[in-house]
Structure formats: C-alpha cells, structure tokens
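*Asks:* Structure supplied as structure.cif; contents: mmCIF, C-alpha atoms; chains and numbers go by the auth columns.
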data_structure
#
loop_
_atom_site.group_PDB
_atom_site.id
_atom_site.type_symbol
_atom_site.label_atom_id
_atom_site.label_comp_id
_atom_site.label_asym_id
_atom_site.label_seq_id
_atom_site.Cartn_x
_atom_site.Cartn_y
_atom_site.Cartn_z
_atom_site.B_iso_or_equiv
_atom_site.auth_seq_id
_atom_site.auth_asym_id
ATOM 1 C CA MET A 1 6.759 -4.142 -16.951 0.00 18 A
ATOM 2 C CA GLU A 2 5.314 -0.988 -18.404 0.00 19 A
ATOM 3 C CA ASN A 3 2.713 0.950 -16.327 0.00 20 A
ATOM 4 C CA ALA A 4 3.650 -0.952 -13.195 0.00 21 A
ATOM 5 C CA VAL A 5 5.462 -0.427 -9.911 0.00 22 A
ATOM 6 C CA GLU A 6 7.229 -3.056 -7.846 0.00 23 A
ATOM 7 C CA LEU A 7 5.170 -4.330 -4.935 0.00 24 A
ATOM 8 C CA ALA A 8 7.902 -3.390 -2.439 0.00 25 A
ATOM 9 C CA ASP A 9 7.978 0.181 -3.796 0.00 26 A
ATOM 10 C CA MET A 10 4.183 0.438 -3.548 0.00 27 A
ATOM 11 C CA ILE A 11 4.273 -0.678 0.096 0.00 28 A
ATOM 12 C CA THR A 12 7.078 1.818 0.798 0.00 29 A
ATOM 13 C CA GLN A 13 4.942 4.613 -0.679 0.00 30 A
ATOM 14 C CA LEU A 14 1.940 3.472 1.361 0.00 31 A
ATOM 15 C CA ARG A 15 4.055 3.506 4.526 0.00 32 A
ATOM 16 C CA GLN A 16 5.243 7.046 3.753 0.00 33 A
ATOM 17 C CA GLU A 17 1.693 8.283 3.094 0.00 34 A
ATOM 18 C CA LEU A 18 0.361 6.753 6.317 0.00 35 A
ATOM 19 C CA SER A 19 3.289 8.206 8.280 0.00 36 A
ATOM 20 C CA ARG A 20 2.598 11.642 6.818 0.00 37 A
ATOM 21 C CA ALA A 21 -1.096 11.366 7.695 0.00 38 A
ATOM 22 C CA MET A 22 -0.189 10.395 11.266 0.00 39 A
ATOM 23 C CA SER A 23 2.237 13.307 11.571 0.00 40 A
ATOM 24 C CA GLU A 24 -0.260 15.811 10.192 0.00 41 A
ATOM 25 C CA GLY A 25 -2.883 14.558 12.633 0.00 42 A
ATOM 26 C CA ASP A 26 -0.830 14.905 15.805 0.00 43 A
ATOM 27 C CA HIS A 27 -2.841 17.934 16.952 0.00 44 A
ATOM 28 C CA ALA A 28 -6.016 17.471 14.916 0.00 45 A
ATOM 29 C CA ASP A 29 -9.408 17.323 16.573 0.00 46 A
ATOM 30 C CA LEU A 30 -10.384 14.306 14.484 0.00 47 A
ATOM 31 C CA ARG A 31 -8.176 11.240 14.111 0.00 48 A
ATOM 32 C CA PHE A 32 -8.741 7.631 13.113 0.00 49 A
ATOM 33 C CA GLN A 33 -7.257 4.509 14.599 0.00 50 A
ATOM 34 C CA ALA A 34 -5.711 2.366 11.878 0.00 51 A
ATOM 35 C CA GLU A 35 -6.660 -1.183 12.774 0.00 52 A
ATOM 36 C CA ARG A 36 -6.094 -2.727 9.351 0.00 53 A
ATOM 37 C CA VAL A 37 -5.092 -1.616 5.907 0.00 54 A
ATOM 38 C CA GLU A 38 -6.598 -3.773 3.184 0.00 55 A
ATOM 39 C CA LEU A 39 -5.365 -3.550 -0.390 0.00 56 A
ATOM 40 C CA GLU A 40 -6.671 -5.389 -3.407 0.00 57 A
ATOM 41 C CA LEU A 41 -4.106 -5.424 -6.189 0.00 58 A
ATOM 42 C CA THR A 42 -3.586 -6.850 -9.629 0.00 59 A
ATOM 43 C CA VAL A 43 -0.018 -8.067 -9.782 0.00 60 A
ATOM 44 C CA GLY A 44 2.214 -9.501 -12.462 0.00 61 A
ATOM 45 C CA MET A 45 5.120 -11.771 -11.685 0.00 62 A
ATOM 46 C CA GLU A 46 8.493 -11.632 -13.379 0.00 63 A
ATOM 47 C CA LYS A 47 11.444 -13.964 -12.958 0.00 64 A
ATOM 48 C CA SER A 48 14.616 -13.283 -14.841 0.00 65 A
ATOM 49 C CA ARG A 49 16.451 -16.208 -16.350 0.00 66 A
ATOM 50 C CA GLU A 50 19.804 -15.414 -14.753 0.00 67 A
ATOM 51 C CA PRO A 51 21.172 -17.805 -12.118 0.00 68 A
ATOM 52 C CA GLY A 52 20.185 -16.790 -8.590 0.00 69 A
ATOM 53 C CA ALA A 53 17.613 -14.285 -9.852 0.00 70 A
ATOM 54 C CA LYS A 54 14.625 -13.514 -7.659 0.00 71 A
ATOM 55 C CA VAL A 55 10.972 -13.305 -8.537 0.00 72 A
ATOM 56 C CA ARG A 56 9.630 -9.749 -8.597 0.00 73 A
ATOM 57 C CA PHE A 57 5.996 -8.756 -8.233 0.00 74 A
ATOM 58 C CA TRP A 58 4.674 -5.731 -10.099 0.00 75 A
ATOM 59 C CA VAL A 59 1.490 -3.877 -9.166 0.00 76 A
ATOM 60 C CA LEU A 60 -0.414 -3.011 -12.332 0.00 77 A
ATOM 61 C CA GLU A 61 -2.627 -0.006 -12.943 0.00 78 A
ATOM 62 C CA ALA A 62 -6.287 -0.844 -13.479 0.00 79 A
ATOM 63 C CA GLY A 63 -6.176 -0.263 -17.255 0.00 80 A
ATOM 64 C CA ALA A 64 -2.775 -1.892 -17.620 0.00 81 A
ATOM 65 C CA ALA A 65 -4.031 -5.235 -16.284 0.00 82 A
ATOM 66 C CA ALA A 66 -6.241 -5.695 -19.348 0.00 83 A
ATOM 67 C CA ARG A 67 -3.327 -4.888 -21.665 0.00 84 A
ATOM 68 C CA GLN A 68 -1.064 -7.408 -19.913 0.00 85 A
ATOM 69 C CA ALA A 69 -3.029 -10.373 -21.243 0.00 86 A
ATOM 70 C CA THR A 70 0.155 -12.178 -22.258 0.00 87 A
ATOM 71 C CA ALA A 71 1.665 -11.830 -18.768 0.00 88 A
ATOM 72 C CA ALA A 72 0.637 -13.981 -15.839 0.00 89 A
ATOM 73 C CA THR A 73 -1.436 -11.740 -13.574 0.00 90 A
ATOM 74 C CA GLN A 74 -3.123 -12.462 -10.272 0.00 91 A
ATOM 75 C CA ARG A 75 -5.419 -10.483 -8.007 0.00 92 A
ATOM 76 C CA ILE A 76 -4.221 -10.512 -4.417 0.00 93 A
ATOM 77 C CA THR A 77 -5.489 -8.978 -1.206 0.00 94 A
ATOM 78 C CA LEU A 78 -3.020 -7.794 1.420 0.00 95 A
ATOM 79 C CA THR A 79 -4.114 -7.063 4.966 0.00 96 A
ATOM 80 C CA LEU A 80 -1.550 -5.007 6.848 0.00 97 A
ATOM 81 C CA GLN A 81 -1.564 -4.204 10.569 0.00 98 A
ATOM 82 C CA PRO A 82 -0.070 -0.731 11.163 0.00 99 A
ATOM 83 C CA VAL A 83 2.338 -0.709 14.122 0.00 100 A
ATOM 84 C CA ARG A 84 4.166 2.335 15.443 0.00 101 A
ATOM 85 C CA ALA A 85 7.927 1.760 15.560 0.00 102 A
ATOM 86 C CA ASP A 86 8.338 4.076 18.567 0.00 103 A
ATOM 87 C CA ALA A 87 5.414 2.616 20.543 0.00 104 A
ATOM 88 C CA PRO A 88 4.200 -0.734 19.185 0.00 105 A
ATOM 89 C CA ASP A 89 1.582 -1.115 21.939 0.00 106 A
ATOM 90 C CA LEU A 90 -0.122 2.210 21.132 0.00 107 A
ATOM 91 C CA PRO A 91 -2.670 2.515 18.315 0.00 108 A
ATOM 92 C CA ALA A 92 -1.602 4.091 15.059 0.00 109 A
ATOM 93 C CA LEU A 93 -3.744 7.232 14.755 0.00 110 A
ATOM 94 C CA ILE A 94 -4.270 8.806 11.346 0.00 111 A
ATOM 95 C CA SER A 95 -5.673 12.268 10.708 0.00 112 A
ATOM 96 C CA GLY A 96 -8.614 12.998 8.509 0.00 113 A
ATOM 97 C CA ALA A 97 -10.223 16.150 7.217 0.00 114 A
ATOM 98 C CA ASP A 98 -13.934 16.769 7.619 0.00 115 A
ATOM 99 C CA LEU A 99 -15.855 16.354 4.395 0.00 116 A
ATOM 100 C CA PRO A 100 -18.377 19.008 3.371 0.00 117 A
ATOM 101 C CA ASP A 101 -21.770 18.417 5.059 0.00 118 A
ATOM 102 C CA GLU A 102 -20.208 15.903 7.441 0.00 119 A
ATOM 103 C CA ASP A 103 -21.276 16.023 11.094 0.00 120 A
#
Any chance you could give the structure as structure tokens?
*Replies:*
Amino acid sequence: MENAVELADMITQLRQELSRAMSEGDHADLRFQAERVELELTVGMEKSREPGAKVRFWVLEAGAAARQATAATQRITLTLQPVRADAPDLPALISGADLPDED
C-alpha cells in the first residue's frame, strides 16, 4: 500500500522513540511516568492470495485514508502498557522538555 507503513514497523518505531526518550531523561529534572500509550490509527488490511500467506495491517497517513476508498480500512485504538525489560516492576519514566511559559 502506498503512503503506509506496516503496523509492526510502526510499533517498532514507537518503541525506539520511547526508549530514546527514557534514555535522554535519565538525569533530567522533569520526567513522566508512562502508564499507558494510546494510539488511534486508520489501518488497511492486505492478504495475499498465495497459500499460507498472512494478513498484514498497514497504518495509513491521515490524507492517504481518504484516497484508499477502494481498500478496506478500519479505525482502531491500541492501548499499550510500557514495561521496562530490565526492571518490569519499576515504572517506565520518560523525559520531557519544559515548554515556553510553563511552570
């Protein structure tokens, strides 16, 4: 599908971004505890016609969803619970930068 990324690749990228934010926040004065990550996505589904083929889900860009009228698209919401691999009982803390005029 054009203008789309596989759902698994999108989740991999999200994992990498959250890991980077956690790493950058190790010594920051302000950090956030990641309790849930909620994503609302427009996805298209594709199943090839070969024997034993799997169904693949593609995440569509906002503008691409309207152009994919001929494809079957669905809006889904994923709720993910971040868990640290090295310490699953500790909260996942993510850094954040102060915004201008923020107290």
*Asks:* Provide an axis-aligned box for all listed atoms of segment 42-55 of chain A, padding each side by 3 Å; report its centre and its edge lengths in Å to one decimal, as lines of an AutoDock Vina configuration file.
*Replies:*
center_x = -5.6
center_y = 7.1
center_z = 10.1
size_x = 15.6
size_y = 27.7
size_z = 19.8
*Asks:* Measuring between only C-alpha atoms, which one of A:Ile111, A:Ile28, A:Val100, A:Leu77 shows the shortest distance to Leu47 of chain A?
*Replies:* A:Ile111
*Asks:* For Glu52 of chain A, which residue out of A:Gln98, A:Asp103, A:Arg73, A:Ile93 is the nearest one, using all atoms listed in the file?
*Replies:* A:Gln98
*Asks:* Evaluate the PyMOL selection byres ((chain A and resi 55-61) around 6) against this structure - the residues, as a list in words, please.
*Replies:*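 Expected selection for the PyMOL selection byres ((chain A and resi 55-61) around 6) here is Val54, Met62, Phe74, Trp75, Val76, Leu77, Ala89, Thr90, Gln91, Arg92, Ile93, Thr94, Leu95 and Thr96 of chain A.
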*Asks:* Kindly give the distance, in Å, that separates atom CA of Arg48 of chain A and atom CA of Ala25 of chain A, rounded to a single decimal.
*Replies:* 27.3 Å
*Asks:* Find the distance between atom CA of Ala70 of chain A and atom CA of Ala21 of chain A and write it in Å to one decimal.
*Replies:*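 A separation of 19.6 Å between them.
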*Asks:* Which value, in Å to one decimal, gives the distance between atom CA of Asp46 of chain A and atom CA of Thr29 of chain A?
*Replies:*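 That distance, rounded to one decimal, is 27.6 Å.
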*Asks:* Name the residues that the PyMOL selection byres ((chain A and resi 50) around 10) pulls out of this structure, and write them as a PyMOL selection string.
*Replies:* chain A and resi 39+48-49+51-53+99+107-112
*Asks:* My list of candidates is A:His44, A:Lys71, A:Glu63, A:Arg101. Which is closest to Arg32 of chain A when distances are computed with only C-alpha atoms?
*Replies:*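 Result for the nearest residue to Arg32 of chain A: A:Arg101.
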